[in-house]
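Colleague: Take a look at the following structure, please.
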Amino acid sequence: MSESNQRVEIYDTTLRDGTQGLGVSFSLMDKLKITRHLDQLSVDFIEGGYPLSNPKDVAYFEQARELGLKHARVCAFGMTRRKGTPAAKDEGMNALVQAGAPVITIVGKTWDLHVAEVLRVDRDENLDMIVESVGHCATTAGPQGKPAEVFYDAEHFFDGYRANPQYALQTLRAAKDGGATRLILCDTNGGSLPTFIAETVRAVRNELGDAAALGIHCHNDAGLAVANSLAAVEAGCSQVQGTINGIGERCGNVDLTTVIANLHLKLNRPCLVDENSLAWLTEASRYVYELANMPLVSGQPYVGTGAFAHKGGMHVHAVNRLASSYEHVPPESVGNTRKILVSELSGVSNISATLGKKFNIADDKDLQRRVLGRVQNLENAGYQFETADASFELLLRSELDLRRTYWELEHFRCVILKTDDHAPVTEAIVKVYVDGQIEHRVAEGDGPVNALDGALRKCLTPHYPQVADVELRDYKVRVVNPSDGTAAKVRVVIDFAVENPDGADAYFSTIGVSENIVEASWDAIIDAFEYHLLQHDVPAVE
């Protein structure tokens, strides 16, 4: 296979480097779940953590051995031995070996500034630390009965190469002499430009020869991590390290979802063990967002909820005729879907393209104009249907007389008790009529929205057990008319998910608008339950 289409290895460090991002934390169970998802995506390597840093990472490596991964190999991460300590007696070295991972990744200092000011050792001692640490891990058998393969992460390589290229190359030679099978060039500060990255990778290849397998590890501080990673691959790197969704310290690591898609679809460089796994990319992205408790990023390339969203009437008209006229790749190639947004800027073609086939209204121009008129009037009142696909479908169903009355509200009430000595306690009371019966339930929650949701579910679940499948994933509030101060109207958009049998969640969003934030939230919640019941064609009880 020629270098131009040689497969590129994907090394995922979401579970270690990704957790250094602001607000990111994974439980042990989260880490194991993400490991399974990454294996399903068929990446080559999954860096699980630093086994000396905390008990959770020790437990991870113990339990990861029992996962039965099909594609990926788990990697343990650690630093070179401490100065003045033989590798065989270093606590960190022994923890790496005893982790039992098939791959160990050692990070070492490349920039002479760090050698002098951070490690505070002379340059020769740093080289000894690298070669001895790599050599110890590459020759010492762990619990699996044989030594691990060793990768070497050359920290701050590009800054080090710029300051002292000869010494930076010496550190790589030390790692190679110790037995490292991959030499990873790290743009740790994230400030390099693609041209410099490419020039440096070529220079390293010329110095070390083609036998040295190089990798690239970029951070995104200059917004160029993806560009830098692709430039490094084109210059000769055969491995890319990064995180799902680019989570990580400061501005994050390179986003592997974008890198993987670009390698496969733009550069014709396969990079997943199973190329059919590319269609799993969007699901992997959203799964990590969910476990990290982070909102989806609509504009994220390839996998974002808005990556293939079209709003302008002229664009929609063109996409209906030829999708590639406004889409650089088919959305399904990465497991995403096309969205036609409906707003006050839309034309009737948006209405048709959004739900025309589903409801057989593609040729009903009068209906499309009526729906567009309602959308424009409601958006003038504060609604925004481009972010609330489920509420828009309910609006269309109203025009088609296809909505069903699943329940009728008699009243709801929220009571909040707050004292100086205790956290507030919220109680919601909901009374609805279902199937001629009165359902009058009470629930406590962490605020009125949570309490109302709980009370309504208690009312509906005995009649419609399907509502239990609907999970709230994100909740957003926006003031519509801020000049009215605390009496301003607010727009609430809630994102929901329903788990499908194949493991891929189905996402949808609803909206509510009111001067009362509780009422706006209530409207969004009841839209979600009704939408879900209609999607499953659940009949209204008589």
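Chain lettering (A, B, ...) mirrors the order of the structure tokens, residue numbering begins at 1 for each chain separately, and ligand numbering begins at 1 in order of display.
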What's the 10 Å shell around A:Pro301, counting only C-alpha atoms, without same-chain residues fewer than 6 positions away, as a compact mmCIF listing (two decimals) with C-alpha atoms, in the first residue's frame?

Modeller:
```
# COMPACT_ATOMS: atom_id res chain seq x y z
CA ASN A 245 -15.30 16.15 20.55
CA ASP A 255 -11.30 16.63 17.82
CA THR A 257 -14.48 13.09 15.07
CA THR A 258 -13.35 15.76 12.62
CA VAL A 259 -9.96 14.16 12.03
CA ALA A 261 -14.01 12.06 8.93
CA ASN A 262 -11.46 14.18 7.06
CA ALA A 307 -23.80 20.21 10.57
CA PHE A 308 -26.29 19.39 7.79
```

Colleague: Mind checking which residues fall within 10 Å of A:Thr35, counting only C-alpha atoms, ignoring those fewer than 2 positions away in the same chain, and posting them as number ranges by chain?

Modeller: A: 12, 14-15, 29-33, 37-41, 45-48, 64, 67, 69, 72-74

Colleague: For those residues, write N, CA and C atoms to a file as a JSON list (two decimals), in the first residue's frame.

Modeller:
```json
[["chain", "number", "residue", "atom", "x", "y", "z"],
["A", 12, "ASP", "N", -7.03, 7.25, 21.00],
["A", 12, "ASP", "CA", -7.98, 8.09, 21.71],
["A", 12, "ASP", "C", -7.54, 8.29, 23.16],
["A", 14, "THR", "N", -9.47, 10.38, 25.29],
["A", 14, "THR", "CA", -10.62, 11.03, 25.94],
["A", 14, "THR", "C", -10.64, 10.75, 27.43],
["A", 15, "LEU", "N", -10.32, 9.53, 27.81],
["A", 15, "LEU", "CA", -10.44, 9.12, 29.21],
["A", 15, "LEU", "C", -9.32, 9.66, 30.09],
["A", 29, "MET", "N", -17.56, 3.71, 35.91],
["A", 29, "MET", "CA", -18.53, 3.12, 34.99],
["A", 29, "MET", "C", -18.59, 3.89, 33.68],
["A", 30, "ASP", "N", -18.52, 5.23, 33.76],
["A", 30, "ASP", "CA", -18.49, 6.05, 32.54],
["A", 30, "ASP", "C", -17.30, 5.65, 31.66],
["A", 31, "LYS", "N", -16.15, 5.50, 32.27],
["A", 31, "LYS", "CA", -14.95, 5.19, 31.50],
["A", 31, "LYS", "C", -15.06, 3.84, 30.82],
["A", 32, "LEU", "N", -15.64, 2.88, 31.51],
["A", 32, "LEU", "CA", -15.81, 1.56, 30.90],
["A", 32, "LEU", "C", -16.84, 1.60, 29.77],
["A", 33, "LYS", "N", -17.91, 2.38, 29.96],
["A", 33, "LYS", "CA", -18.92, 2.52, 28.90],
["A", 33, "LYS", "C", -18.32, 3.18, 27.66],
["A", 37, "HIS", "N", -17.81, 1.95, 23.66],
["A", 37, "HIS", "CA", -18.25, 2.73, 22.49],
["A", 37, "HIS", "C", -17.09, 3.02, 21.54],
["A", 38, "LEU", "N", -15.93, 3.33, 22.10],
["A", 38, "LEU", "CA", -14.77, 3.58, 21.25],
["A", 38, "LEU", "C", -14.34, 2.31, 20.52],
["A", 39, "ASP", "N", -14.48, 1.18, 21.19],
["A", 39, "ASP", "CA", -14.17, -0.10, 20.53],
["A", 39, "ASP", "C", -15.17, -0.35, 19.40],
["A", 40, "GLN", "N", -16.44, 0.02, 19.61],
["A", 40, "GLN", "CA", -17.43, -0.12, 18.55],
["A", 40, "GLN", "C", -17.11, 0.80, 17.38],
["A", 41, "LEU", "N", -16.55, 1.98, 17.69],
["A", 41, "LEU", "CA", -16.10, 2.88, 16.63],
["A", 41, "LEU", "C", -14.88, 2.31, 15.92],
["A", 45, "PHE", "N", -6.38, 2.48, 19.60],
["A", 45, "PHE", "CA", -5.87, 2.53, 20.96],
["A", 45, "PHE", "C", -6.75, 3.42, 21.83],
["A", 46, "ILE", "N", -6.93, 3.03, 23.09],
["A", 46, "ILE", "CA", -7.72, 3.80, 24.05],
["A", 46, "ILE", "C", -6.86, 4.00, 25.29],
["A", 47, "GLU", "N", -6.46, 5.23, 25.52],
["A", 47, "GLU", "CA", -5.66, 5.55, 26.69],
["A", 47, "GLU", "C", -6.58, 5.67, 27.90],
["A", 48, "GLY", "N", -6.40, 4.77, 28.87],
["A", 48, "GLY", "CA", -7.35, 4.68, 29.98],
["A", 48, "GLY", "C", -7.05, 5.57, 31.15],
["A", 64, "ALA", "N", -11.02, -3.23, 32.69],
["A", 64, "ALA", "CA", -10.95, -3.14, 31.23],
["A", 64, "ALA", "C", -10.48, -4.45, 30.61],
["A", 67, "LEU", "N", -13.36, -6.66, 29.43],
["A", 67, "LEU", "CA", -14.36, -6.13, 28.49],
["A", 67, "LEU", "C", -14.44, -6.94, 27.19],
["A", 69, "LEU", "N", -12.64, -6.53, 24.33],
["A", 69, "LEU", "CA", -12.66, -5.59, 23.21],
["A", 69, "LEU", "C", -12.31, -6.29, 21.90],
["A", 72, "ALA", "N", -9.94, -2.36, 19.77],
["A", 72, "ALA", "CA", -9.01, -1.43, 20.42],
["A", 72, "ALA", "C", -8.11, -2.13, 21.42],
["A", 73, "ARG", "N", -6.92, -1.53, 21.62],
["A", 73, "ARG", "CA", -6.00, -1.95, 22.67],
["A", 73, "ARG", "C", -5.91, -0.83, 23.70],
["A", 74, "VAL", "N", -6.03, -1.20, 24.96],
["A", 74, "VAL", "CA", -6.01, -0.22, 26.05],
["A", 74, "VAL", "C", -4.57, 0.16, 26.36]]
```

Colleague: Taking into account only C-alpha atoms, which residue in the set A:Asp159, A:Glu410, A:Asp435, A:Asp389 is nearest to A:Ala528?

Modeller: A:Asp389

Colleague: Using only C-alpha atoms, what does the table of stretch 157-274 of chain A residues within 10 Å of stretch 118-123 of chain A look like, with each row giving the shortest atom pair and its distance in Å to one decimal, sorted by chain and ascending number, as CSV?

Modeller:
```
residue,atom,partner,partner_atom,distance
A:Tyr167,CA,A:Arg123,CA,8.3
A:Gln170,CA,A:Arg123,CA,9.8
A:Thr171,CA,A:Arg123,CA,9.4
```

Colleague: Looking at A:Ala141, A:Val288, A:Ala212, A:Leu272, which one is nearest to A:Phe26, with distances taken over only C-alpha atoms?

Modeller: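 That would be A:Val288, the residue with the smallest distance to A:Phe26.
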
Colleague: Please compute the atom CA of A:Arg338-atom CA of A:Val43 distance, one decimal, in Å.

Modeller: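 Distance reported for this atom pair: 25.8 Å.
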
Colleague: Got a sec: who's within 12 Å of A:Gly223, counting only C-alpha atoms, leaving out chain neighbours fewer than 2 positions off, as a short mmCIF file (atom, residue, chain, number, x, y, z; two decimals) with N, CA and C atoms, in the first residue's frame?

Modeller:
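After the write, result13.cif holds the following:
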```
data_model
loop_
_atom_site.label_atom_id
_atom_site.label_comp_id
_atom_site.auth_asym_id
_atom_site.auth_seq_id
_atom_site.Cartn_x
_atom_site.Cartn_y
_atom_site.Cartn_z
N ASN A 189 1.52 22.98 23.69
CA ASN A 189 0.97 24.32 23.93
C ASN A 189 -0.05 24.73 22.87
N GLY A 190 -0.17 23.96 21.81
CA GLY A 190 -1.20 24.21 20.80
C GLY A 190 -1.01 25.48 20.00
N GLY A 191 0.22 25.98 19.89
CA GLY A 191 0.42 27.26 19.23
C GLY A 191 1.12 27.19 17.89
N SER A 192 1.40 26.00 17.39
CA SER A 192 2.12 25.88 16.12
C SER A 192 1.19 26.05 14.93
N LEU A 193 1.77 26.36 13.78
CA LEU A 193 1.02 26.51 12.54
C LEU A 193 1.24 25.29 11.63
N PRO A 194 0.30 25.00 10.75
CA PRO A 194 0.40 23.80 9.91
C PRO A 194 1.69 23.72 9.09
N CYS A 218 -1.93 16.97 19.00
CA CYS A 218 -2.09 18.43 18.93
C CYS A 218 -3.15 18.93 19.91
N HIS A 219 -2.86 20.09 20.48
CA HIS A 219 -3.85 20.83 21.25
C HIS A 219 -4.36 21.99 20.40
N ASN A 220 -5.46 22.59 20.83
CA ASN A 220 -6.20 23.48 19.93
C ASN A 220 -6.14 24.95 20.35
N ASP A 221 -5.08 25.37 21.01
CA ASP A 221 -5.03 26.73 21.56
C ASP A 221 -5.04 27.80 20.47
N ALA A 225 -5.78 22.67 15.63
CA ALA A 225 -5.41 21.28 15.94
C ALA A 225 -5.75 20.32 14.82
N VAL A 226 -6.91 20.46 14.20
CA VAL A 226 -7.29 19.58 13.11
C VAL A 226 -6.37 19.80 11.90
N ALA A 227 -6.17 21.06 11.55
CA ALA A 227 -5.30 21.37 10.41
C ALA A 227 -3.88 20.86 10.66
N ASN A 228 -3.39 21.05 11.89
CA ASN A 228 -2.04 20.59 12.21
C ASN A 228 -1.93 19.07 12.15
N SER A 229 -2.95 18.38 12.63
CA SER A 229 -2.92 16.91 12.60
C SER A 229 -2.93 16.39 11.18
N GLY A 246 -12.96 16.79 20.96
CA GLY A 246 -11.91 17.77 21.25
C GLY A 246 -11.86 18.23 22.69
N ARG A 250 -7.49 23.52 28.69
CA ARG A 250 -7.50 24.85 28.07
C ARG A 250 -8.50 24.87 26.90
N CYS A 251 -8.01 24.97 25.68
CA CYS A 251 -8.89 25.02 24.50
C CYS A 251 -9.16 23.62 23.94
N GLY A 252 -8.67 22.61 24.59
CA GLY A 252 -8.98 21.24 24.19
C GLY A 252 -7.91 20.61 23.31
N ASN A 253 -8.11 19.31 23.09
CA ASN A 253 -7.26 18.54 22.18
C ASN A 253 -7.86 18.58 20.78
N VAL A 254 -7.19 17.94 19.85
CA VAL A 254 -7.76 17.84 18.51
C VAL A 254 -9.02 16.98 18.59
N ASP A 255 -10.04 17.36 17.85
CA ASP A 255 -11.30 16.63 17.82
C ASP A 255 -11.16 15.44 16.86
#
```

Colleague: Identify, on the basis of only C-alpha atoms, every residue whose closest approach to A:Glu62 does not exceed 12 Å; exclude the query and any residue fewer than 6 positions from it along the same chain; express the result as a PyMOL selection string.

Modeller: chain A and resi 28+32+48+51+55-56+74+76+98-101+143-144

Colleague: Using the selection just defined, write its residues with N, CA and C atoms as a PDB file, in the first residue's frame.

Modeller:
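Result written to selection.pdb:
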```pdb
ATOM      1  N   LEU A  28     -15.893   5.649  37.090  1.00  0.00           N
ATOM      2  CA  LEU A  28     -15.324   4.398  36.590  1.00  0.00           C
ATOM      3  C   LEU A  28     -16.270   3.741  35.592  1.00  0.00           C
ATOM      4  N   LEU A  32     -15.641   2.883  31.511  1.00  0.00           N
ATOM      5  CA  LEU A  32     -15.814   1.562  30.900  1.00  0.00           C
ATOM      6  C   LEU A  32     -16.835   1.601  29.766  1.00  0.00           C
ATOM      7  N   GLY A  48      -6.405   4.767  28.872  1.00  0.00           N
ATOM      8  CA  GLY A  48      -7.345   4.679  29.980  1.00  0.00           C
ATOM      9  C   GLY A  48      -7.053   5.568  31.151  1.00  0.00           C
ATOM     10  N   PRO A  51      -2.187   4.960  35.971  1.00  0.00           N
ATOM     11  CA  PRO A  51      -2.529   4.039  37.061  1.00  0.00           C
ATOM     12  C   PRO A  51      -1.984   4.424  38.426  1.00  0.00           C
ATOM     13  N   PRO A  55      -7.111   5.767  42.620  1.00  0.00           N
ATOM     14  CA  PRO A  55      -7.640   4.394  42.668  1.00  0.00           C
ATOM     15  C   PRO A  55      -8.592   4.070  41.523  1.00  0.00           C
ATOM     16  N   LYS A  56      -9.300   5.078  41.015  1.00  0.00           N
ATOM     17  CA  LYS A  56     -10.245   4.837  39.923  1.00  0.00           C
ATOM     18  C   LYS A  56      -9.529   4.321  38.683  1.00  0.00           C
ATOM     19  N   VAL A  74      -6.034  -1.197  24.963  1.00  0.00           N
ATOM     20  CA  VAL A  74      -6.011  -0.221  26.047  1.00  0.00           C
ATOM     21  C   VAL A  74      -4.566   0.164  26.358  1.00  0.00           C
ATOM     22  N   ALA A  76      -1.897   2.315  29.036  1.00  0.00           N
ATOM     23  CA  ALA A  76      -1.636   2.964  30.316  1.00  0.00           C
ATOM     24  C   ALA A  76      -0.653   4.109  30.078  1.00  0.00           C
ATOM     25  N   GLN A  98       2.420  -2.969  36.167  1.00  0.00           N
ATOM     26  CA  GLN A  98       1.426  -3.774  36.859  1.00  0.00           C
ATOM     27  C   GLN A  98       0.004  -3.497  36.391  1.00  0.00           C
ATOM     28  N   ALA A  99      -0.213  -2.402  35.671  1.00  0.00           N
ATOM     29  CA  ALA A  99      -1.547  -2.135  35.134  1.00  0.00           C
ATOM     30  C   ALA A  99      -1.984  -3.218  34.159  1.00  0.00           C
ATOM     31  N   GLY A 100      -1.016  -3.873  33.540  1.00  0.00           N
ATOM     32  CA  GLY A 100      -1.338  -4.991  32.655  1.00  0.00           C
ATOM     33  C   GLY A 100      -1.906  -4.587  31.313  1.00  0.00           C
ATOM     34  N   ALA A 101      -1.777  -3.332  30.939  1.00  0.00           N
ATOM     35  CA  ALA A 101      -2.275  -2.891  29.634  1.00  0.00           C
ATOM     36  C   ALA A 101      -1.345  -3.390  28.535  1.00  0.00           C
ATOM     37  N   PRO A 143       1.360  -8.457  34.473  1.00  0.00           N
ATOM     38  CA  PRO A 143       0.475  -9.557  34.871  1.00  0.00           C
ATOM     39  C   PRO A 143       0.080 -10.468  33.720  1.00  0.00           C
ATOM     40  N   GLN A 144       0.132  -9.947  32.486  1.00  0.00           N
ATOM     41  CA  GLN A 144      -0.243 -10.758  31.338  1.00  0.00           C
ATOM     42  C   GLN A 144       0.872 -11.701  30.912  1.00  0.00           C
TER      43      GLN A 144
END
```

Colleague: Tell me which protein, DNA and RNA residues are within 10 Å of A:Leu52, counting only C-alpha atoms, leaving out same-chain ones fewer than 3 positions away, and put them as a ChimeraX atom specification.

Modeller: /A:49,55-58,76-78,91-96,99

Colleague: With only C-alpha atoms as the counted atoms, please give the residues lying no more than 9 Å from A:Cys459, apart from itself and same-chain residues fewer than 3 positions off, as a PyMOL selection string.

Modeller: chain A and resi 430-434+438-441+454-456+462-463

Colleague: Would you put the residues from that selection into a file with C-alpha atoms, as a JSON list (two decimals), in the first residue's frame?

Modeller:
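See part_24.json below for the written result:
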```
[["chain", "number", "residue", "atom", "x", "y", "z"],
["A", 430, "VAL", "CA", -50.60, 17.99, 38.99],
["A", 431, "LYS", "CA", -54.25, 17.15, 38.32],
["A", 432, "VAL", "CA", -55.21, 15.83, 34.87],
["A", 433, "TYR", "CA", -58.07, 13.87, 33.31],
["A", 434, "VAL", "CA", -57.02, 10.67, 31.52],
["A", 438, "ILE", "CA", -58.82, 11.98, 37.59],
["A", 439, "GLU", "CA", -55.10, 11.58, 38.14],
["A", 440, "HIS", "CA", -54.00, 13.80, 41.02],
["A", 441, "ARG", "CA", -50.33, 13.29, 41.91],
["A", 454, "GLY", "CA", -42.11, 13.92, 38.08],
["A", 455, "ALA", "CA", -45.74, 14.59, 39.01],
["A", 456, "LEU", "CA", -46.94, 14.51, 35.39],
["A", 462, "PRO", "CA", -50.25, 4.04, 34.33],
["A", 463, "HIS", "CA", -52.07, 4.87, 31.07]]
```

Colleague: For A:Leu533, find every residue with an atom within 12 Å (counting only C-alpha atoms), except residues of its own chain fewer than 2 positions away, and show them as a ChimeraX atom specification.

Modeller: /A:390,394,403-407,460-461,463-470,498,526-531,535-541

Colleague: From a DSSP calculation on the backbone, collect every residue of stretch 110-185 of chain A in alpha helix (DSSP H) and output the set as number ranges by chain.

Modeller: A: 112-114, 123-139, 157-163, 165-178

Colleague: Calculated over only C-alpha atoms, which of the candidates A:Gly236, A:Gly209, A:Gly304, A:Gly485 has the smallest distance to A:Thr282?

Modeller: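 Counting only C-alpha atoms, the residue closest to A:Thr282 is A:Gly304.
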